[in-house]
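S.K.: Provided herewith: coords-v5.cif, mmCIF, C-alpha atoms.
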```
data_model
#
loop_
_atom_site.label_atom_id
_atom_site.label_comp_id
_atom_site.auth_asym_id
_atom_site.auth_seq_id
_atom_site.Cartn_x
_atom_site.Cartn_y
_atom_site.Cartn_z
CA MET A 7 -8.57 41.37 1.41
CA HIS A 8 -10.44 38.12 0.97
CA SER A 9 -9.37 37.85 -2.69
CA ARG A 10 -5.72 38.39 -1.71
CA ALA A 11 -5.92 35.62 0.89
CA SER A 12 -7.61 33.33 -1.63
CA LEU A 13 -4.92 34.08 -4.23
CA GLY A 14 -2.20 33.42 -1.67
CA LEU A 15 -3.71 30.06 -0.77
CA LYS A 16 -3.95 29.10 -4.44
CA VAL A 17 -0.32 30.04 -5.05
CA ALA A 18 0.77 28.09 -1.96
CA ALA A 19 -1.26 25.07 -3.10
CA VAL A 20 0.27 25.15 -6.59
CA ALA A 21 3.77 25.55 -5.13
CA GLY A 22 3.20 22.59 -2.82
CA LEU A 23 1.95 20.41 -5.68
CA LEU A 24 4.94 21.36 -7.85
CA PHE A 25 7.32 20.59 -5.00
CA LEU A 26 5.76 17.14 -4.60
CA HIS A 27 5.38 16.15 -8.23
CA LEU A 28 8.18 17.80 -10.22
CA PRO A 29 10.76 15.21 -9.10
CA ILE A 30 8.43 12.45 -10.32
CA ALA A 31 8.04 14.25 -13.64
CA LEU A 32 11.83 14.41 -13.96
CA ILE A 33 12.05 10.64 -13.49
CA PHE A 34 9.58 10.20 -16.35
CA ILE A 35 11.56 12.57 -18.59
CA TYR A 36 14.90 10.91 -17.89
CA ALA A 37 13.43 7.52 -18.79
CA PHE A 38 13.42 8.79 -22.39
CA THR A 39 16.90 10.35 -22.48
CA THR A 40 19.60 9.02 -24.80
CA GLU A 41 22.31 9.55 -22.18
CA ASP A 42 22.94 6.42 -20.11
CA LYS A 43 25.44 7.60 -17.47
CA SER A 44 24.69 11.13 -16.27
CA TYR A 45 21.78 13.48 -15.90
CA GLN A 46 21.73 16.60 -18.06
CA TRP A 47 19.15 19.34 -18.32
CA PRO A 48 17.67 19.69 -20.76
CA PRO A 49 18.08 16.08 -21.92
CA PRO A 50 20.28 15.94 -25.01
CA ASP A 51 17.73 13.92 -26.95
CA LEU A 52 14.76 11.64 -26.40
CA THR A 53 14.44 7.96 -27.28
CA LEU A 54 12.32 4.89 -26.56
CA LYS A 55 15.23 2.45 -26.63
CA TRP A 56 15.42 2.12 -22.84
CA PHE A 57 11.96 0.59 -22.73
CA ALA A 58 13.16 -2.18 -25.02
CA VAL A 59 16.32 -2.59 -22.95
CA THR A 60 14.27 -2.84 -19.77
CA TRP A 61 11.89 -5.34 -21.38
CA ASN A 62 14.83 -7.62 -22.18
CA ARG A 63 16.42 -7.44 -18.73
CA PRO A 64 15.62 -10.76 -16.92
CA ASP A 65 16.68 -9.31 -13.55
CA VAL A 66 13.94 -6.68 -13.87
CA TRP A 67 11.29 -9.32 -14.60
CA GLU A 68 12.48 -11.47 -11.71
CA ALA A 69 12.32 -8.56 -9.27
CA LEU A 70 8.93 -7.45 -10.61
CA GLY A 71 7.50 -10.96 -10.28
CA LEU A 72 8.75 -11.26 -6.70
CA SER A 73 7.25 -7.88 -5.76
CA LEU A 74 3.88 -8.76 -7.29
CA ARG A 75 3.73 -12.15 -5.55
CA VAL A 76 4.73 -10.69 -2.19
CA ALA A 77 2.22 -7.85 -2.49
CA ALA A 78 -0.61 -10.16 -3.55
CA ILE A 79 -0.12 -12.70 -0.74
CA SER A 80 0.55 -10.02 1.90
CA THR A 81 -2.66 -8.27 0.86
CA ALA A 82 -4.65 -11.52 1.02
CA ILE A 83 -3.39 -12.20 4.55
CA ALA A 84 -4.11 -8.62 5.56
CA MET A 85 -7.64 -8.78 4.14
CA VAL A 86 -8.51 -11.80 6.28
CA LEU A 87 -6.78 -10.83 9.53
CA GLY A 88 -7.52 -7.11 9.26
CA THR A 89 -11.24 -7.71 8.67
CA LEU A 90 -11.51 -10.18 11.55
CA CYS A 91 -9.72 -7.78 13.91
CA ALA A 92 -11.98 -4.93 12.80
CA ALA A 93 -15.12 -6.99 13.34
CA ALA A 94 -13.99 -8.02 16.82
CA VAL A 95 -13.10 -4.48 17.89
CA ALA A 96 -16.11 -2.74 16.33
CA ARG A 97 -18.83 -5.28 17.14
CA THR A 98 -17.95 -6.58 20.60
CA ARG A 99 -17.25 -5.12 24.02
CA PHE A 100 -14.50 -6.62 26.15
CA PHE A 101 -11.80 -5.56 28.57
CA GLY A 102 -8.71 -4.20 26.83
CA ARG A 103 -10.46 -3.56 23.52
CA GLU A 104 -8.85 -0.15 22.97
CA ALA A 105 -5.42 -1.52 23.93
CA ILE A 106 -5.79 -4.25 21.31
CA SER A 107 -6.85 -1.67 18.73
CA LEU A 108 -3.70 0.33 19.52
CA LEU A 109 -1.51 -2.76 19.20
CA VAL A 110 -3.02 -3.55 15.80
CA ILE A 111 -2.20 -0.11 14.36
CA LEU A 112 1.19 0.18 16.08
CA PRO A 113 3.29 -1.41 13.27
CA ILE A 114 2.46 1.38 10.83
CA ALA A 115 3.15 4.06 13.44
CA LEU A 116 6.61 2.71 14.26
CA PRO A 117 9.58 3.65 12.06
CA GLY A 118 10.14 1.03 9.40
CA ILE A 119 13.68 0.38 10.58
CA ILE A 120 12.38 -0.57 14.04
CA THR A 121 9.90 -3.01 12.52
CA GLY A 122 12.59 -4.43 10.25
CA ILE A 123 15.12 -4.94 13.05
CA SER A 124 12.45 -6.52 15.27
CA LEU A 125 11.39 -8.95 12.56
CA ARG A 126 14.97 -9.85 11.68
CA SER A 127 15.74 -10.54 15.34
CA ALA A 128 12.61 -12.66 15.72
CA PHE A 129 13.41 -14.71 12.61
CA SER A 130 16.98 -15.22 13.79
CA LEU A 131 15.90 -16.32 17.28
CA ALA A 132 13.37 -18.73 15.79
CA ASP A 133 16.04 -20.00 13.36
CA ILE A 134 13.79 -19.18 10.39
CA PRO A 135 15.80 -18.79 7.17
CA PHE A 136 15.17 -15.67 5.15
CA SER A 137 12.96 -16.47 2.20
CA PHE A 138 9.94 -15.37 0.22
CA TRP A 139 7.74 -16.03 3.25
CA THR A 140 9.77 -13.86 5.61
CA ILE A 141 9.20 -10.95 3.23
CA VAL A 142 5.48 -11.74 3.14
CA LEU A 143 5.25 -11.85 6.94
CA GLY A 144 7.13 -8.57 7.20
CA HIS A 145 4.82 -6.84 4.74
CA ALA A 146 1.68 -8.33 6.27
CA THR A 147 2.45 -6.63 9.59
CA PHE A 148 1.73 -3.18 8.17
CA CYS A 149 -0.73 -4.23 5.44
CA ILE A 150 -3.06 -5.50 8.17
CA VAL A 151 -3.19 -2.00 9.62
CA VAL A 152 -4.38 -0.46 6.34
CA VAL A 153 -7.18 -2.99 5.93
CA TYR A 154 -8.09 -2.77 9.61
CA ASN A 155 -8.40 1.03 9.56
CA ASN A 156 -10.73 0.95 6.55
CA ALA A 157 -12.82 -1.94 7.85
CA VAL A 158 -13.21 -0.76 11.44
CA ALA A 159 -14.35 2.69 10.29
CA ARG A 160 -17.00 1.12 8.05
CA PHE A 161 -18.11 -1.36 10.74
CA ARG A 162 -18.63 1.51 13.19
CA ARG A 163 -20.76 3.40 10.67
CA THR A 164 -22.93 0.36 9.92
CA SER A 165 -25.87 0.03 12.29
CA GLY A 166 -25.97 -3.14 14.37
CA SER A 167 -29.76 -3.07 14.11
CA LEU A 168 -29.45 -4.24 10.50
CA ILE A 169 -27.70 -7.41 11.62
CA GLU A 170 -30.19 -7.94 14.45
CA ALA A 171 -33.12 -7.46 12.06
CA SER A 172 -31.64 -9.95 9.62
CA MET A 173 -31.22 -12.58 12.32
CA ASP A 174 -34.71 -11.90 13.70
CA LEU A 175 -36.17 -12.47 10.24
CA GLY A 176 -34.67 -15.95 10.14
CA ALA A 177 -31.46 -15.40 8.19
CA THR A 178 -28.54 -17.62 9.10
CA TYR A 179 -25.20 -16.12 10.08
CA PHE A 180 -23.74 -16.73 6.62
CA GLN A 181 -26.81 -15.24 4.92
CA THR A 182 -26.48 -12.16 7.12
CA LEU A 183 -22.78 -11.97 6.29
CA ARG A 184 -23.46 -12.29 2.57
CA PHE A 185 -26.51 -10.07 2.15
CA VAL A 186 -26.17 -7.50 4.94
CA ILE A 187 -22.62 -7.15 6.21
CA MET A 188 -20.60 -7.62 3.02
CA PRO A 189 -22.56 -5.13 0.88
CA ASN A 190 -21.92 -2.48 3.54
CA ILE A 191 -18.21 -3.11 4.00
CA ALA A 192 -17.18 -4.42 0.56
CA THR A 193 -15.93 -1.11 -0.85
CA ALA A 194 -13.98 -0.38 2.34
CA LEU A 195 -12.34 -3.81 2.19
CA LEU A 196 -11.49 -3.44 -1.48
CA ALA A 197 -10.06 0.04 -0.91
CA GLY A 198 -8.03 -1.23 2.04
CA GLY A 199 -6.74 -4.12 -0.05
CA MET A 200 -5.70 -1.79 -2.87
CA LEU A 201 -3.85 0.50 -0.47
CA ALA A 202 -2.18 -2.48 1.20
CA PHE A 203 -1.06 -3.81 -2.21
CA ALA A 204 0.43 -0.43 -3.16
CA LEU A 205 2.17 -0.11 0.21
CA SER A 206 3.65 -3.59 -0.05
CA PHE A 207 4.72 -3.24 -3.68
CA ASP A 208 7.00 -0.25 -3.07
CA GLU A 209 8.20 -1.06 0.47
CA VAL A 210 11.98 -0.86 0.99
CA ILE A 211 13.03 -0.67 4.65
CA VAL A 212 11.28 -3.72 6.12
CA THR A 213 12.13 -5.69 2.97
CA THR A 214 15.81 -4.92 3.43
CA PHE A 215 15.79 -6.67 6.81
CA THR A 216 13.63 -9.66 5.82
CA ALA A 217 14.61 -10.49 2.22
CA GLY A 218 18.02 -12.07 2.67
CA GLN A 219 19.57 -12.30 -0.81
CA GLN A 220 16.30 -11.79 -2.69
CA GLN A 221 15.50 -8.59 -4.55
CA THR A 222 12.06 -7.08 -4.84
CA LEU A 223 11.69 -4.32 -7.42
CA PRO A 224 12.36 -1.43 -4.97
CA ILE A 225 15.44 -3.24 -3.62
CA TRP A 226 16.61 -3.81 -7.19
CA MET A 227 16.23 -0.08 -7.87
CA LEU A 228 18.22 0.78 -4.75
CA GLU A 229 21.03 -1.53 -5.82
CA GLU A 230 21.03 -0.03 -9.32
CA LEU A 231 21.30 3.49 -7.92
CA VAL A 232 24.32 2.49 -5.84
CA ARG A 233 26.06 0.67 -8.71
CA PRO A 234 24.42 1.98 -11.87
CA ARG A 235 24.83 0.18 -15.18
CA GLN A 236 22.15 1.90 -17.22
CA ARG A 237 20.47 4.71 -15.28
CA PRO A 238 17.60 5.25 -17.73
CA VAL A 239 16.57 1.62 -17.10
CA THR A 240 16.18 2.49 -13.42
CA ASN A 241 14.01 5.44 -14.42
CA VAL A 242 11.84 3.22 -16.62
CA VAL A 243 11.38 0.82 -13.70
CA ALA A 244 10.59 3.79 -11.45
CA MET A 245 7.82 4.75 -13.88
CA VAL A 246 6.38 1.25 -13.53
CA VAL A 247 6.50 1.48 -9.74
CA VAL A 248 4.75 4.86 -9.81
CA LEU A 249 1.99 3.53 -12.05
CA VAL A 250 1.54 0.26 -10.14
CA THR A 251 1.22 2.13 -6.84
CA PHE A 252 -0.77 5.09 -8.18
CA LEU A 253 -3.54 3.07 -9.81
CA PRO A 254 -4.58 1.17 -6.62
CA ILE A 255 -4.50 4.40 -4.63
CA LEU A 256 -6.67 6.11 -7.25
CA GLY A 257 -9.01 3.12 -7.22
CA ALA A 258 -9.24 3.19 -3.43
CA TYR A 259 -10.11 6.90 -3.52
CA TRP A 260 -12.77 6.30 -6.16
CA LEU A 261 -14.30 3.43 -4.18
CA THR A 262 -14.49 5.29 -0.88
CA ARG A 263 -15.63 8.70 -2.07
CA GLY A 264 -19.19 9.50 -1.10
CA THR A 265 -19.41 6.57 1.36
CA GLU A 266 -19.98 8.70 4.44
CA ALA A 267 -23.60 7.55 4.42
CA VAL A 268 -23.80 3.83 5.15
CA ALA A 269 -26.96 1.76 5.26
CA GLY A 270 -28.53 1.86 8.67
CA GLN A 271 -26.26 4.62 9.96
CA GLY A 272 -27.79 6.50 12.85
CA LYS A 273 -30.74 4.09 13.23
#
```
As a first step, turn the structure in this file into structure tokens.
M.R.:
Amino acid sequence: MHSRASLGLKVAAVAGLLFLHLPIALIFIYAFTTEDKSYQWPPPDLTLKWFAVTWNRPDVWEALGLSLRVAAISTAIAMVLGTLCAAAVARTRFFGREAISLLVILPIALPGIITGISLRSAFSLADIPFSFWTIVLGHATFCIVVVYNNAVARFRRTSGSLIEASMDLGATYFQTLRFVIMPNIATALLAGGMLAFALSFDEVIVTTFTAGQQQTLPIWMLEELVRPRQRPVTNVVAMVVVLVTFLPILGAYWLTRGTEAVAGQGK
């Protein structure tokens, strides 16, 4: 009976993984197809020409550059603000602390379209023209949450007695920050930054409301799907998006695995 249940769980797990990843595999396959207008299965033939075509498309490079710049600056803002919020919530006691914690994580819990409409309305009321910086501000709202969640969890697992001992032994605040706090939270911050970068790089909904006439790479892909010129080019770009977002997520997993035990925990 136990073996049957175990077999059933394995089959269900494999089926779930296939359901999740087969569509991605199809995108990779169709990036190599010779057909440029329709999808056929099996593909009539395979070719590498679409990689060269994509490489020579200036609109792809422009969209990629915009996405990378937005993701990098949004992540930098999120690293600073998310860490400061986490330190305040985890290390101090004040009235309304839990309410503030809820408000910090609220943007990622809300539907993206609500966040996008809210930001667009705020920019319009403030008479702020849509630009590169409106995209950055829009992305930073949810990137902060990712960094905050990683940092606050690590702060709560790091014993405050370590900080007190450091100060008692004559260390300055910056020495304590450098030699005690940062070594304990560095991997959590780096993992949060990687996840924030991946989330920003492939974001569509909030970008649609804050970009104006600019096109990040996901917006470019959406436009190409609506009015396709060369569909395999879109599939090649989709491969790039998958890789750019997968690698930071894999790195974040690798950095945070086995970090349940933190220095000073439980002391």
S.K.: Can you work out which one of A:Ser130, A:Ser206, A:Ser80, A:Asn62 has the shortest atom-to-atom distance to Val250 (chain A), counting all atoms listed in the file?
M.R.: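 Looking only at the distances to Val250 (chain A), the closest residue turns out to be A:Ser206.
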S.K.: Just say which residues the PyMOL selection byres ((chain A and resi 146) around 8) picks in this file, as a list in words.
M.R.: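 With the PyMOL selection byres ((chain A and resi 146) around 8) on this model, the match is Ser80, Thr81, Ile83, Ala84, Val142, Leu143, Gly144, His145, Thr147, Phe148, Cys149 and Ile150 of chain A.
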S.K.: Care to translate the PyMOL selection byres ((chain A and resi 186) around 10) into actual residues of this file, as a ChimeraX atom specification?
M.R.: /A:164,168-169,171-172,180-185,187-191,269
S.K.: My list of candidates is A:Leu195, A:Val242, A:Leu23, A:Val158. Which is closest to Lys55 (chain A) when distances are computed with only C-alpha atoms?
M.R.: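 Nearest to Lys55 (chain A): A:Val242.
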S.K.: Around the point (10.1, 0.5, 9.4), in the coordinates given by the file, pick out the residues reaching within 10 Å, counting all atoms listed in the file, and return them as a list in words.
M.R.: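 The distance filter leaves exactly Pro113, Ile114, Ala115, Leu116, Pro117, Gly118, Ile119, Ile120, Thr121, Gly122, Ile123, Ser124, Gly144, Phe148, Glu209, Val210, Ile211, Val212, Thr213, Thr214 and Phe215 of chain A.
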S.K.: Can you measure CA of Val110 (chain A) to CA of Gly88 (chain A) for me? One decimal in Å is fine.
M.R.: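 Computing the Euclidean distance for CA of Val110 (chain A) and CA of Gly88 (chain A) yields 8.7 Å.
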S.K.: Give the answer as one residue: which of A:Phe100, A:Trp139, A:Trp56, A:Tyr154 has the shortest atom-to-atom distance to Phe38 (chain A), using only C-alpha atoms?
M.R.: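 Under the stated criterion, the closest residue is A:Trp56.
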S.K.: For a quick check of understanding, using only C-alpha atoms, which of A:Thr251, A:Ser137, A:Thr240, A:Thr98 has the smallest distance to Trp226 (chain A)?
M.R.: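 Checking each candidate against Trp226 (chain A), we get A:Thr240 as the closest.
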S.K.: What do you get, as a ChimeraX atom specification, if you spell out every residue that the PyMOL selection byres ((chain A and resi 36) around 8) selects here?
M.R.: /A:32-35,37-39,45,49,238,241
S.K.: Quick one: of A:Thr53, A:Thr60, A:Ser12, A:Thr140, who's nearest to Met245 (chain A), counting all atoms listed in the file?
M.R.: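 Distance minimum relative to Met245 (chain A) lands on A:Thr60.
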S.K.: If I take CA of Ala69 (chain A) and CA of Ile134 (chain A), how far is one from the other in Å, to one decimal?
M.R.: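 Result for CA of Ala69 (chain A) versus CA of Ile134 (chain A): 22.4 Å, one decimal.
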S.K.: How many Å lie between CA of Val153 (chain A) and CA of Met85 (chain A), rounded to one decimal?
M.R.: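 CA of Met85 (chain A) lies 6.1 Å from CA of Val153 (chain A).
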S.K.: If we count all atoms listed in the file and set the cut-off at 12 Å, which residues sit around Glu68 (chain A), ignoring sequence neighbours fewer than 5 positions away in its own chain? Please answer as an mmCIF file with C-alpha atoms, in the frame of the given file.
M.R.:
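Printed below is part_21.cif as written:
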```
data_model
loop_
_atom_site.group_PDB
_atom_site.id
_atom_site.type_symbol
_atom_site.label_atom_id
_atom_site.label_comp_id
_atom_site.auth_asym_id
_atom_site.auth_seq_id
_atom_site.Cartn_x
_atom_site.Cartn_y
_atom_site.Cartn_z
ATOM 1 C CA THR A 60 14.270 -2.840 -19.770
ATOM 2 C CA TRP A 61 11.890 -5.340 -21.380
ATOM 3 C CA ASN A 62 14.830 -7.620 -22.180
ATOM 4 C CA ARG A 63 16.420 -7.440 -18.730
ATOM 5 C CA SER A 73 7.250 -7.880 -5.760
ATOM 6 C CA LEU A 74 3.880 -8.760 -7.290
ATOM 7 C CA ARG A 75 3.730 -12.150 -5.550
ATOM 8 C CA GLN A 220 16.300 -11.790 -2.690
ATOM 9 C CA GLN A 221 15.500 -8.590 -4.550
ATOM 10 C CA THR A 222 12.060 -7.080 -4.840
ATOM 11 C CA LEU A 223 11.690 -4.320 -7.420
ATOM 12 C CA ILE A 225 15.440 -3.240 -3.620
ATOM 13 C CA TRP A 226 16.610 -3.810 -7.190
#
```
S.K.: I'd like the neighbourhood of Leu201 (chain A) as a CSV table (one decimal) with C-alpha atoms, keeping the file's coordinate frame, where a residue qualifies if any of its atoms comes within 7 Å (using all atoms listed in the file), though same-chain residues fewer than 4 positions away should be ignored.
M.R.:
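The file below, around-v6.csv, is the result:
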```
chain,number,residue,atom,x,y,z
A,152,VAL,CA,-4.4,-0.5,6.3
A,197,ALA,CA,-10.1,0.0,-0.9
A,205,LEU,CA,2.2,-0.1,0.2
A,254,PRO,CA,-4.6,1.2,-6.6
A,255,ILE,CA,-4.5,4.4,-4.6
A,258,ALA,CA,-9.2,3.2,-3.4
```
S.K.: Which is closest to Leu70 (chain A) among A:Leu28, A:Leu256, A:Cys91, A:Val247, if we use all atoms listed in the file?
M.R.: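 The answer is A:Val247, which sits nearest to Leu70 (chain A).
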